[in-house]
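K.L.:
One structure coming up, written as structure tokens, with questions to follow.
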Amino acid sequence: MPKNRKIISDKDNLQVLYEDNHIIVVNKRAGDIVQGDKTGDKPLSEVVKEYLKKKYNKPGNVYLGVVHRLDRPTTGIVLFARTSKALPRLNKLFAEKKAKKTYWALVKNKPLKLEDTLIHWLRKNPKNNKSQAFSKEVYNSKKAVLHYNVIKTLENFYLLEIDLETGRHHQIRTQLASIGCPIKGDLKYGYDRSNKDASISLHSRQLHFDHPVKNEHIEIIAPTPKDALWKACGIS
């Protein structure tokens, strides 16, 4: 396999982080797309269905509900519902912000503050699939709030831990770029070079939520991609 070839998930190499009768959580690779789009590439949702069909020798169609998405070049946690009972309950958890997601991002420039809350109004441009950040409300914009702190300093990069209060289009990418800290590899938002595998160094690291059927709290941690920079952070 060529050194820089983009690796995508299939039913045999799927990185399953948690699985029971009602839900399944996977660690998305940068080449995966969560739901189908104009590219026509097989979405991760279909890959998970194939995995379940093979593992449990299921005849006919396999039910799978998409709860949330990640941008294609982003890696990390994606949660799916395995039953029609679990899906609306999970949707409600996310809508009511009772599911807590934590992201990690590698940026080249040091933020002015080691920790801060960023508040912007974001406006999406569907023509170029990009969002723009404003310091005050403008027409057709939505308020975006995130909290970050620098948790690791490398020779040329900074590792930020990010908690979202809102879930806007390209929110982390847009807001970090607006403070002069575009994410490594993110050409769309001002980084100067792409990553070799077309990823950006943004990883959905942690997810906390109450199980939609069982009376228990679930905490998921997704290992970071296996590349030199994440390894240099001393984490996995």
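By order in the structure tokens, chains are A, B, ...; within a chain, residues start at 1; ligands start at 1, following the order shown.
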Output as JSON lines one row per residue of segment 88-123 of chain A within 10 Å of segment 73-84 of chain A: the closest atom pair and its distance in Å to one decimal place, counting only C-alpha atoms, sorted by chain and residue number ascending.
P.N.:
```
{"residue": "A:Pro88", "atom": "CA", "partner": "A:Ser84", "partner_atom": "CA", "distance": 7.3}
{"residue": "A:Arg89", "atom": "CA", "partner": "A:Ser84", "partner_atom": "CA", "distance": 9.2}
{"residue": "A:Leu90", "atom": "CA", "partner": "A:Ala81", "partner_atom": "CA", "distance": 7.7}
{"residue": "A:Asn91", "atom": "CA", "partner": "A:Ala81", "partner_atom": "CA", "distance": 9.6}
{"residue": "A:Lys101", "atom": "CA", "partner": "A:Ile77", "partner_atom": "CA", "distance": 9.0}
{"residue": "A:Thr102", "atom": "CA", "partner": "A:Ile77", "partner_atom": "CA", "distance": 9.8}
{"residue": "A:Tyr103", "atom": "CA", "partner": "A:Gly76", "partner_atom": "CA", "distance": 8.6}
{"residue": "A:Trp104", "atom": "CA", "partner": "A:Gly76", "partner_atom": "CA", "distance": 9.6}
{"residue": "A:Ala105", "atom": "CA", "partner": "A:Thr74", "partner_atom": "CA", "distance": 9.8}
```
K.L.:
Take the residues from that selection and put them in a file with N, CA, C and O atoms, as a PDB file, in the first residue's frame.
P.N.:
```pdb
ATOM      1  N   PRO A  88     -34.581   7.732  18.892  1.00  0.00           N
ATOM      2  CA  PRO A  88     -35.181   8.991  19.354  1.00  0.00           C
ATOM      3  C   PRO A  88     -34.685   9.413  20.732  1.00  0.00           C
ATOM      4  O   PRO A  88     -34.597  10.609  21.024  1.00  0.00           O
ATOM      5  N   ARG A  89     -34.355   8.450  21.565  1.00  0.00           N
ATOM      6  CA  ARG A  89     -33.832   8.777  22.898  1.00  0.00           C
ATOM      7  C   ARG A  89     -32.446   9.400  22.798  1.00  0.00           C
ATOM      8  O   ARG A  89     -32.129  10.358  23.517  1.00  0.00           O
ATOM      9  N   LEU A  90     -31.624   8.877  21.914  1.00  0.00           N
ATOM     10  CA  LEU A  90     -30.292   9.462  21.703  1.00  0.00           C
ATOM     11  C   LEU A  90     -30.409  10.847  21.066  1.00  0.00           C
ATOM     12  O   LEU A  90     -29.687  11.774  21.441  1.00  0.00           O
ATOM     13  N   ASN A  91     -31.307  10.975  20.090  1.00  0.00           N
ATOM     14  CA  ASN A  91     -31.525  12.285  19.467  1.00  0.00           C
ATOM     15  C   ASN A  91     -31.925  13.325  20.506  1.00  0.00           C
ATOM     16  O   ASN A  91     -31.468  14.471  20.470  1.00  0.00           O
ATOM     17  N   LYS A 101     -19.390  15.996  24.551  1.00  0.00           N
ATOM     18  CA  LYS A 101     -18.314  15.621  23.631  1.00  0.00           C
ATOM     19  C   LYS A 101     -17.080  16.487  23.884  1.00  0.00           C
ATOM     20  O   LYS A 101     -17.196  17.694  24.071  1.00  0.00           O
ATOM     21  N   THR A 102     -15.924  15.838  23.875  1.00  0.00           N
ATOM     22  CA  THR A 102     -14.654  16.551  24.020  1.00  0.00           C
ATOM     23  C   THR A 102     -13.782  16.248  22.806  1.00  0.00           C
ATOM     24  O   THR A 102     -13.658  15.087  22.397  1.00  0.00           O
ATOM     25  N   TYR A 103     -13.203  17.292  22.234  1.00  0.00           N
ATOM     26  CA  TYR A 103     -12.356  17.154  21.049  1.00  0.00           C
ATOM     27  C   TYR A 103     -10.919  17.530  21.373  1.00  0.00           C
ATOM     28  O   TYR A 103     -10.663  18.316  22.295  1.00  0.00           O
ATOM     29  N   TRP A 104     -10.006  16.987  20.605  1.00  0.00           N
ATOM     30  CA  TRP A 104      -8.603  17.411  20.634  1.00  0.00           C
ATOM     31  C   TRP A 104      -8.238  17.980  19.270  1.00  0.00           C
ATOM     32  O   TRP A 104      -8.656  17.449  18.236  1.00  0.00           O
ATOM     33  N   ALA A 105      -7.467  19.056  19.280  1.00  0.00           N
ATOM     34  CA  ALA A 105      -7.015  19.673  18.031  1.00  0.00           C
ATOM     35  C   ALA A 105      -5.547  20.046  18.148  1.00  0.00           C
ATOM     36  O   ALA A 105      -5.107  20.552  19.185  1.00  0.00           O
TER      37      ALA A 105
END
```
K.L.:
Calculate how many Å separate atom CA of Gly167 of chain A from atom CA of Tyr189 of chain A, rounding to one decimal.
P.N.:
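Answer for the atom CA of Gly167 of chain A to atom CA of Tyr189 of chain A separation: 17.6 Å.
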K.L.:
Could you give me, as a list in words, the residues within 10 Å of Tyr51 of chain A, counting only C-alpha atoms and dropping anything in the same chain fewer than 2 positions from it?
P.N.:
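After dropping sequence-adjacent residues, the list is Asp10, Lys11, Asp12, Asn13, Leu14, Val16, Ser45, Glu46, Val47, Val48, Lys49, Lys53, Lys54, Lys55, Tyr56, Asn57 and Val62 of chain A.
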K.L.:
Nearest to Leu159 of chain A: which of A:Lys42, A:Lys110, A:Lys98, A:Arg29 is it, counting only C-alpha atoms?
P.N.:
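Going through A:Lys42, A:Lys110, A:Lys98, A:Arg29 one by one, the smallest distance to Leu159 of chain A is for A:Lys110.
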K.L.:
Write out as a count of residues only which residues come within 9 Å of Tyr191 of chain A when counting only C-alpha atoms, dropping same-chain ones fewer than 4 positions away.
P.N.:
9
K.L.:
Just to confirm, what's the straight-line distance from atom CA of Gly40 of chain A to atom CA of Asp192 of chain A in Å (one decimal)?
P.N.:
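Atom CA of Asp192 of chain A lies 28.4 Å from atom CA of Gly40 of chain A.
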K.L.:
Choose the residue, out of A:Ile162, A:Ile172, A:Val138, A:Ile23, that has the smallest atom-to-atom separation from Leu52 of chain A; count only C-alpha atoms.
P.N.:
A:Ile23
K.L.:
Could you tell me how far atom CA of Glu137 of chain A lies from atom CA of Arg173 of chain A, in Å and to one decimal?
P.N.:
18.8 Å
K.L.:
List every residue of chain A that DSSP, applied to the backbone, labels as strand (DSSP E or B), and write the result as an MDAnalysis selection string.
P.N.:
chainID A and resid 16:19 23:28 65:66 75:81 100:107 115:125 130:134 142:153 158:164 183 202:210 217:221
K.L.:
Among chain A, which ones does DSSP place in helix (DSSP H, G or I), written as a ChimeraX atom specification?
P.N.:
/A:44-55,86-95,171-178,187-189,228-232
K.L.:
Write the residues you've just listed into a file as an mmCIF file, in the first residue's frame, and include C-alpha atoms for each of them.
P.N.:
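Result written to part-v7.cif:
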```cif
data_model
loop_
_atom_site.group_PDB
_atom_site.id
_atom_site.type_symbol
_atom_site.label_atom_id
_atom_site.label_comp_id
_atom_site.auth_asym_id
_atom_site.auth_seq_id
_atom_site.Cartn_x
_atom_site.Cartn_y
_atom_site.Cartn_z
ATOM 1 C CA LEU A 44 -19.652 4.731 7.448
ATOM 2 C CA SER A 45 -23.283 3.968 8.294
ATOM 3 C CA GLU A 46 -23.342 1.339 5.510
ATOM 4 C CA VAL A 47 -19.987 -0.088 6.644
ATOM 5 C CA VAL A 48 -21.350 -0.526 10.173
ATOM 6 C CA LYS A 49 -24.436 -2.277 8.787
ATOM 7 C CA GLU A 50 -22.185 -4.678 6.844
ATOM 8 C CA TYR A 51 -20.130 -5.320 9.995
ATOM 9 C CA LEU A 52 -23.268 -6.128 12.031
ATOM 10 C CA LYS A 53 -24.741 -8.276 9.276
ATOM 11 C CA LYS A 54 -21.555 -10.341 9.085
ATOM 12 C CA LYS A 55 -20.912 -10.572 12.847
ATOM 13 C CA ALA A 86 -32.705 3.886 21.040
ATOM 14 C CA LEU A 87 -32.597 6.420 18.175
ATOM 15 C CA PRO A 88 -35.181 8.991 19.354
ATOM 16 C CA ARG A 89 -33.832 8.777 22.898
ATOM 17 C CA LEU A 90 -30.292 9.462 21.703
ATOM 18 C CA ASN A 91 -31.525 12.285 19.467
ATOM 19 C CA LYS A 92 -33.222 13.811 22.521
ATOM 20 C CA LEU A 93 -30.017 13.515 24.581
ATOM 21 C CA PHE A 94 -28.040 15.389 21.929
ATOM 22 C CA ALA A 95 -30.776 17.974 21.355
ATOM 23 C CA GLN A 171 -17.585 25.259 14.465
ATOM 24 C CA ILE A 172 -14.224 24.238 15.941
ATOM 25 C CA ARG A 173 -12.436 24.738 12.629
ATOM 26 C CA THR A 174 -13.959 28.184 12.098
ATOM 27 C CA GLN A 175 -13.540 29.491 15.632
ATOM 28 C CA LEU A 176 -9.930 28.364 16.042
ATOM 29 C CA ALA A 177 -9.043 29.844 12.650
ATOM 30 C CA SER A 178 -10.641 33.121 13.723
ATOM 31 C CA LEU A 187 -6.504 24.166 4.077
ATOM 32 C CA LYS A 188 -10.132 25.323 3.987
ATOM 33 C CA TYR A 189 -9.599 27.387 7.129
ATOM 34 C CA ALA A 228 4.072 10.681 14.466
ATOM 35 C CA LEU A 229 2.581 13.941 15.716
ATOM 36 C CA TRP A 230 -0.118 12.368 17.862
ATOM 37 C CA LYS A 231 2.522 9.946 19.116
ATOM 38 C CA ALA A 232 4.776 12.905 20.005
#
```
K.L.:
Find, counting only C-alpha atoms, the residue in A:Lys214, A:His147, A:Arg72, A:Arg123 that gets nearest to Ile200 of chain A.
P.N.:
A:Arg72
K.L.:
Rank nothing, just name the residue among A:Ser9, A:Ser199, A:Ser131, A:Asn27 nearest to Asp227 of chain A, using only C-alpha atoms.
P.N.:
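For Asp227 of chain A, the nearest of the given residues is A:Ser199.
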K.L.:
Select, from A:Pro111, A:Pro225, A:Gly65, A:Pro212, the residue with the minimum atom-to-atom distance to Asn149 of chain A, counting only C-alpha atoms.
P.N.:
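That would be A:Pro111, the residue with the smallest distance to Asn149 of chain A.
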